[in-house]
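Asks: After the structure tokens below, expect a handful of questions from me.
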Protein chains: 2
Amino acid sequence: MIKIERRSFIRNGLAAGIALSAAPTIIHANDDRPVRLGFIGIGGRGTGLLKTAMRLPHVAIKAVCDTHKPNLKTAQNLVVETQGQKPEGYGDHEFSYLDLLKRDDLDGVVIATPWELHIPMTIAAMKAGKYVATEVGPASSVDECWELVNTYEETRAPCMLLENYCYFRYNMAVLNMVRQGLFGEVIHCSCGYGHDLRARIVLGKGTGPKPKGEGDYRSRHNQFRNGDLYPTHGMGPIAQCLNIQRGNRFQHLTSTASKSRGLSKWSKDNLEPGHKRRDISWAQGDIVTTTLKCFNGETVVLTFDTRLPRPMSFMYQVQGTAGMWMQDGDSSSRNKSVIYLDGKSPHHQWEPFNPYQEKFEHPIWKSYLHEAETSGHGGTDFLELREFVSSIRNKTTTSIDAYDAAAWMAIAPLSEASISTGSSPIAFPDFTDGAWMTNKPIFGLV
Amino acid sequence: MIKIERRSFIRNGLAAGIALSAAPTIIHANDDRPVRLGFIGIGGRGTGLLKTAMRLPHVAIKAVCDTHKPNLKTAQNLVVETQGQKPEGYGDHEFSYLDLLKRDDLDGVVIATPWELHIPMTIAAMKAGKYVATEVGPASSVDECWELVNTYEETRAPCMLLENYCYFRYNMAVLNMVRQGLFGEVIHCSCGYGHDLRARIVLGKGTGPKPKGEGDYRSRHNQFRNGDLYPTHGMGPIAQCLNIQRGNRFQHLTSTASKSRGLSKWSKDNLEPGHKRRDISWAQGDIVTTTLKCFNGETVVLTFDTRLPRPMSFMYQVQGTAGMWMQDGDSSSRNKSVIYLDGKSPHHQWEPFNPYQEKFEHPIWKSYLHEAETSGHGGTDFLELREFVSSIRNKTTTSIDAYDAAAWMAIAPLSEASISTGSSPIAFPDFTDGAWMTNKPIFGLV
């Protein structure tokens with residue numbers, strides 16, 4: 001009861017001065033209203049996003065922040081080369097990003113820092129009244145996810161989770177097909193993140209303050225946690241197909257972790273005896289399987305698999321009463337996928353997905369095919385940043401919002417809770433406090 | 001304490017007169033000692049097994065039992081045509097099989113009746129001192145599985161679960177590779193039964209007393225149960241790779257069922273209004289996902305999927321610290337599979353499995369390639385019945401025994417228990433009462 005009263009007050013009371021349209025992001029191909037951005041965290045991933053952002057017309061980079069000085073200089077030089085003006089640099093100490101957020105010449109900020117900083121920095125940016133886009137990763141706690149949505153409701157500063165996998169060309173075509181009913185009523189989905197990151201996890205990436213061989217945030221999380229620590233690449237596109245928090249919601253999940261062997265074996269096979277990263281005790285199980293049940297009766301199987309040798313796979317499947325789509329499987333190319341539509345495909349035989357991809361190409365991909373295809377991560381970085389910038393221009397909500405971020409990132413601590421209690425079912429928080437019953441989908445609408 | 005005393009007594013005290021070698025089944029290619037069999041249940045599946053059994057040299061069919069008279073006559077005629085002698089027929093009432101079991105001229109019986117009769121009939125056959133082979137299916141309860149192993153320990157009459165999928169050529173080659181360490185330490189597996197059986201479930205098969213359109217045992221189980229009702233095709237081969245009950249055991253499982261839509265939709269789309277099978281309320285969820293954790297730390301994901309349109313798949317994957325094998329996936333042929341071995345395969349690329357299949361062909365397949373390939377279900381029926389008959393000739397235990405049958409078939413009621421309690425983790429019974437700690441593998445050893 002107390003909670004409801006508090007949140008009602010928040011909803012009706014405060015606002016940080018950003019008047020939002022309820023409409024989803026609208027595409028304006030030739031919009032020339034300038035947008036001024038700041039970047040927090042400009043290591044490998046941040047630099048990629050920075051480059052992509054500068055390909056968008058009329059986007060000016062005003063400030064950059066990184067506590068690792070070489071990153072800061074590289075980013076400043078990059079902006080000078082591309083835009084002719086040097087952005088202000090921040091990074092003297094770990095809270096320098098708060099100084100960046102105080103600037104009054106920023107319309108939005110982009111965050112690409114270590115995992116555990118994404119939500120706290122997003123919250124700080126919202127409190128500073130900025131549009132904010134944050135990279136993906138696991139939440140540290142469910143409380144933190146609540147704080148994210150509470151802060152959004154207090155400030156009304158829109159935040160966007162940069163879940164670029166939602167923008168994969170095949171995922172958007174499949175979403176299009178789901179919405180057109182090609183698969184009938186969706187019943188079951190699978191997804192995951194299968195990526196052999198053993199060297200990366202054990203040694204670190206080396207684009208931050210610690211050189212490669214010293215470990216980094218990903219190493220720490222694998223050393224001290226055991227759950228699905230990277231749920232959003234898999235779950236993002238599937239949550240869109242299932243209208244999660246917009247007519248549907250996750251009801252509960254169970255997670256089960258295998259033993260942990262992959263990282264230790266890799267270290268013993270690849271590092272000299274005496275190497276300080278050779279004998280680490282890793283808490284993280286090699287494979288974590290999470291099964292989620294949705295309010296509308298669908299099930300989703302999510303797999304976290306980055307500590308064993310394997311070709312990359314995102315394990316996407318969407319299965320309904322009228323057919324099924326499956327990405328990956330035994331294909332040698334991870335972009336190959338297959339489809340089976342009841343009564344349309346040859347009886348009980350897969351068809352290649354490519355012809356369907358063309359026929360059901362999502363309108364966003366039709367509009368931006370050329371720009372996207374010449375951009376990073378199969379065009380997804382371009383599309384997500386384009387939508388973020390477009391949200392700023394049009395003062396709309398973002399297409400992947402605080403509620404999405406909270407629900408998808410919360411899978412990490414919820415899966416840890418299940419694993420640590422012997423795969424107990426864990427009830428999924430309703431971060432919308434009931435608004436999911438009436439909310440409508442917002443992603444991929446044009 | 002009471003239980004342990006009772007079971008110790010059983011182990012040391014009673015025996016039904018069959019003196020067993022502790023050795024696994026031994027292959028004698030040209031063994032001509034006659035084996036006399038009876039068949040209980042000779043519908044579609046029973047007839048297939050009967051034909052296969054008669055291909056084995058020096059196997060005589062002495063008695064057949066079916067309550068559906070046309071089945072009985074067809075089987076008797078088949079035996080007369082093939083062996084020149086008419087087997088005695090049983091089937092006047094539902095307990096006629098007990099009369100068949102009283103015969104003193106039968107070395108073994110083969111059971112292929114509706115699912116719920118497999119375990120009770122197997123128990124009756126063991127009590128009659130017969131070797132017994134039973135078709136697969138779900139257990140009705142965990143108690144029934146205990147009764148199965150208790151009866152085996154009382155009677156020492158060996159029973160064999162006819163889990164023919166253990167004998168698939170690729171599964172036996174993969175088992176061979178697992179045992180040779182090609183995948184390193186096995187960490188995670190997946191398996192399942194993906195087979196569009198909508199028409200079959202709604203209408204029944206029509207080879208029993210009820211004509212097609214009236215439903216049958218499979219219809220009943222789908223109407224009144226909700227769990228993984230067909231776990232053994234998926235789990236059998238995987239349990240062999242994981243040494244379940246022989247150095248390892250299932251520790252707990254969670255199951256989650258999706259909503260039930262597939263059968264209702266199929267009925268509405270395919271049956272006339274007023275058809276008495278059109279408006280049945282089906283309890284069984286369309287997709288059931290079960291995750292099992294093993295004592296040695298491995299995880300297994302098992303899927304039950306027979307109520308939605310899809311190409312067939314058994315979803316086999318075996319993943320270890322040194323590589324991964326994956327059957328099926330997006331292949332258009334269900335026999336196509338791929339492999340990735342760390343440091344041997346091209347970096348992060350699947351290889352076709354065929355060359356490995358040839359290199360690591362299981363010795364049993366090398367010995368019986370011709371006979372198997374010209375037999376049913378990809379040769380698996382021939383191989384399983386050959387081993388059953390060989391066990392009888394050599395008075396050995398069977399290669400898939402009462403403990404395997406109990407553990408694999410118990411997944412059905414255990415998954416129902418989990419689903420009915422909101423995906424709660426269910427502890428897995430140890431049907432060996434501790435013997436798994438010292439037992440050695442018995443399957444596929446030559």
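A note on labels: chains of the structure tokens are A, B, ... as shown, every chain counts residues from 1, and ligands are counted from 1 in their shown order.
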Restrict the distance test to only C-alpha atoms, flag each residue of chain A within 7 Å of chain B, and return the flagged residues as a PyMOL selection string.

Replies: chain A and resi 187-188+258-259+261-262+287+297-299+308-312+321-324+326+328-332+337-338+340+342+348-350+423-425

Asks: Could you dump the residues just selected with C-alpha atoms as a PDB file, in the first residue's frame?

Replies:
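Everything below was put into selection09.pdb:
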ATOM      1  CA  ILE A 187       3.871 -20.269 -27.975  1.00  0.00           C
ATOM      2  CA  HIS A 188       7.573 -20.761 -27.323  1.00  0.00           C
ATOM      3  CA  SER A 258      26.415 -26.248 -15.015  1.00  0.00           C
ATOM      4  CA  LYS A 259      29.729 -26.762 -13.290  1.00  0.00           C
ATOM      5  CA  ARG A 261      35.368 -25.814 -16.046  1.00  0.00           C
ATOM      6  CA  GLY A 262      35.912 -23.897 -19.278  1.00  0.00           C
ATOM      7  CA  ILE A 287      26.342 -22.908 -19.234  1.00  0.00           C
ATOM      8  CA  GLY A 297       1.370 -18.511 -21.362  1.00  0.00           C
ATOM      9  CA  GLU A 298       4.448 -18.423 -23.577  1.00  0.00           C
ATOM     10  CA  THR A 299       7.750 -19.966 -22.501  1.00  0.00           C
ATOM     11  CA  LEU A 308      33.340 -23.132 -23.739  1.00  0.00           C
ATOM     12  CA  PRO A 309      34.720 -23.541 -27.263  1.00  0.00           C
ATOM     13  CA  ARG A 310      31.947 -23.087 -29.831  1.00  0.00           C
ATOM     14  CA  PRO A 311      31.000 -21.243 -33.001  1.00  0.00           C
ATOM     15  CA  MET A 312      28.934 -18.158 -32.256  1.00  0.00           C
ATOM     16  CA  THR A 321       0.617 -22.399 -33.759  1.00  0.00           C
ATOM     17  CA  ALA A 322       1.166 -21.782 -37.475  1.00  0.00           C
ATOM     18  CA  GLY A 323       4.929 -22.152 -37.871  1.00  0.00           C
ATOM     19  CA  MET A 324       8.424 -21.708 -36.619  1.00  0.00           C
ATOM     20  CA  MET A 326      14.978 -20.845 -36.287  1.00  0.00           C
ATOM     21  CA  ASP A 328      21.527 -20.555 -36.536  1.00  0.00           C
ATOM     22  CA  GLY A 329      21.346 -24.209 -35.545  1.00  0.00           C
ATOM     23  CA  ASP A 330      23.892 -26.233 -37.418  1.00  0.00           C
ATOM     24  CA  SER A 331      24.535 -23.647 -40.096  1.00  0.00           C
ATOM     25  CA  SER A 332      28.073 -22.668 -40.852  1.00  0.00           C
ATOM     26  CA  SER A 337      18.204 -19.243 -40.747  1.00  0.00           C
ATOM     27  CA  VAL A 338      15.251 -21.413 -41.654  1.00  0.00           C
ATOM     28  CA  TYR A 340       8.582 -23.685 -41.488  1.00  0.00           C
ATOM     29  CA  ASP A 342       2.209 -24.929 -41.656  1.00  0.00           C
ATOM     30  CA  HIS A 348       7.634 -31.074 -42.454  1.00  0.00           C
ATOM     31  CA  GLN A 349      10.604 -29.531 -44.238  1.00  0.00           C
ATOM     32  CA  TRP A 350      12.540 -26.398 -43.411  1.00  0.00           C
ATOM     33  CA  SER A 423      16.839 -23.627  -9.355  1.00  0.00           C
ATOM     34  CA  SER A 424      13.871 -22.323  -7.374  1.00  0.00           C
ATOM     35  CA  PRO A 425      11.277 -20.451  -9.398  1.00  0.00           C
TER      36      PRO A 425
END

Asks: In region 133-338 of chain B, what's strand (DSSP E or B) per DSSP? Answer as a count of residues only?

Replies: 51

Asks: If I take CA of Trp365 (chain A) and CA of Gly379 (chain A), how far is one from the other in Å, to one decimal?

Replies: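 Value for the CA of Trp365 (chain A)-CA of Gly379 (chain A) distance: 9.2 Å.
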
Asks: Name the closest residue to Ile119 (chain A) among the candidates A:Asp99, A:Glu94, A:Ala406, A:Leu106; distances are taken between atoms, counting only C-alpha atoms.

Replies: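 The shortest atom-to-atom distance to Ile119 (chain A) comes from A:Ala406.
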
Asks: Interatomic distance between CA of Thr47 (chain A) and CA of Asn77 (chain A)?

Replies: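 That distance, rounded to one decimal, is 11.4 Å.
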
Asks: Output as a CSV table (one decimal) with C-alpha atoms, in the first residue's frame all residues of region 31-123 of chain B that backbone DSSP marks as helix (DSSP H, G or I).

Replies:
chain,number,residue,atom,x,y,z
B,44,GLY,CA,1.6,-50.9,-35.4
B,45,ARG,CA,4.7,-50.8,-33.2
B,46,GLY,CA,4.4,-54.4,-31.9
B,47,THR,CA,4.1,-55.7,-35.5
B,48,GLY,CA,7.2,-53.8,-36.5
B,49,LEU,CA,9.2,-55.3,-33.6
B,50,LEU,CA,7.8,-58.8,-34.4
B,51,LYS,CA,9.0,-58.5,-38.0
B,52,THR,CA,12.4,-57.4,-36.8
B,53,ALA,CA,12.7,-60.1,-34.2
B,54,MET,CA,11.9,-62.8,-36.8
B,55,ARG,CA,14.9,-61.5,-38.8
B,69,LYS,CA,-8.7,-59.5,-32.4
B,70,PRO,CA,-7.7,-58.2,-35.9
B,71,ASN,CA,-4.2,-57.4,-34.6
B,72,LEU,CA,-3.9,-60.9,-33.1
B,73,LYS,CA,-4.9,-62.6,-36.4
B,74,THR,CA,-2.5,-60.5,-38.4
B,75,ALA,CA,0.3,-61.3,-36.1
B,76,GLN,CA,-0.4,-65.0,-36.1
B,77,ASN,CA,-0.6,-65.1,-39.9
B,78,LEU,CA,2.7,-63.1,-40.1
B,79,VAL,CA,4.5,-65.7,-37.9
B,80,VAL,CA,3.0,-68.6,-39.9
B,81,GLU,CA,4.2,-67.1,-43.1
B,82,THR,CA,7.7,-66.4,-41.8
B,83,GLN,CA,8.3,-69.3,-39.4
B,96,SER,CA,-4.9,-62.3,-21.0
B,97,TYR,CA,-1.3,-61.4,-21.0
B,98,LEU,CA,-1.0,-63.0,-17.5
B,99,ASP,CA,-2.0,-66.3,-19.1
B,100,LEU,CA,0.7,-65.8,-21.8
B,101,LEU,CA,3.2,-65.2,-19.0
B,115,TRP,CA,2.0,-46.3,-22.5
B,116,GLU,CA,0.4,-46.8,-19.1
B,117,LEU,CA,0.7,-50.6,-19.4
B,118,HIS,CA,4.4,-50.8,-20.0
B,119,ILE,CA,5.6,-50.8,-16.4
B,120,PRO,CA,2.8,-52.9,-14.9
B,121,MET,CA,3.2,-55.6,-17.6
B,122,THR,CA,7.0,-55.5,-17.3
B,123,ILE,CA,6.6,-56.1,-13.5

Asks: Smallest atom-to-atom distance to Asp433 (chain B): which of B:Glu153, B:Glu373, B:Glu384, B:Asp107, using only C-alpha atoms?

Replies: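 Nearest to Asp433 (chain B): B:Glu153.
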
Asks: Env of Thr134 (chain B): 9 Å cut, atoms = only C-alpha atoms, seq-sep filter 6 positions within chain, self excluded. Answer as a list in words.

Replies: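 Within the cut-off, the hits are Val109, Val110, Ile111, Ala112, Thr113, His118, Ile119, Met121, Thr122, Cys159, Met160, Leu161, Leu162 and Glu163 of chain B.
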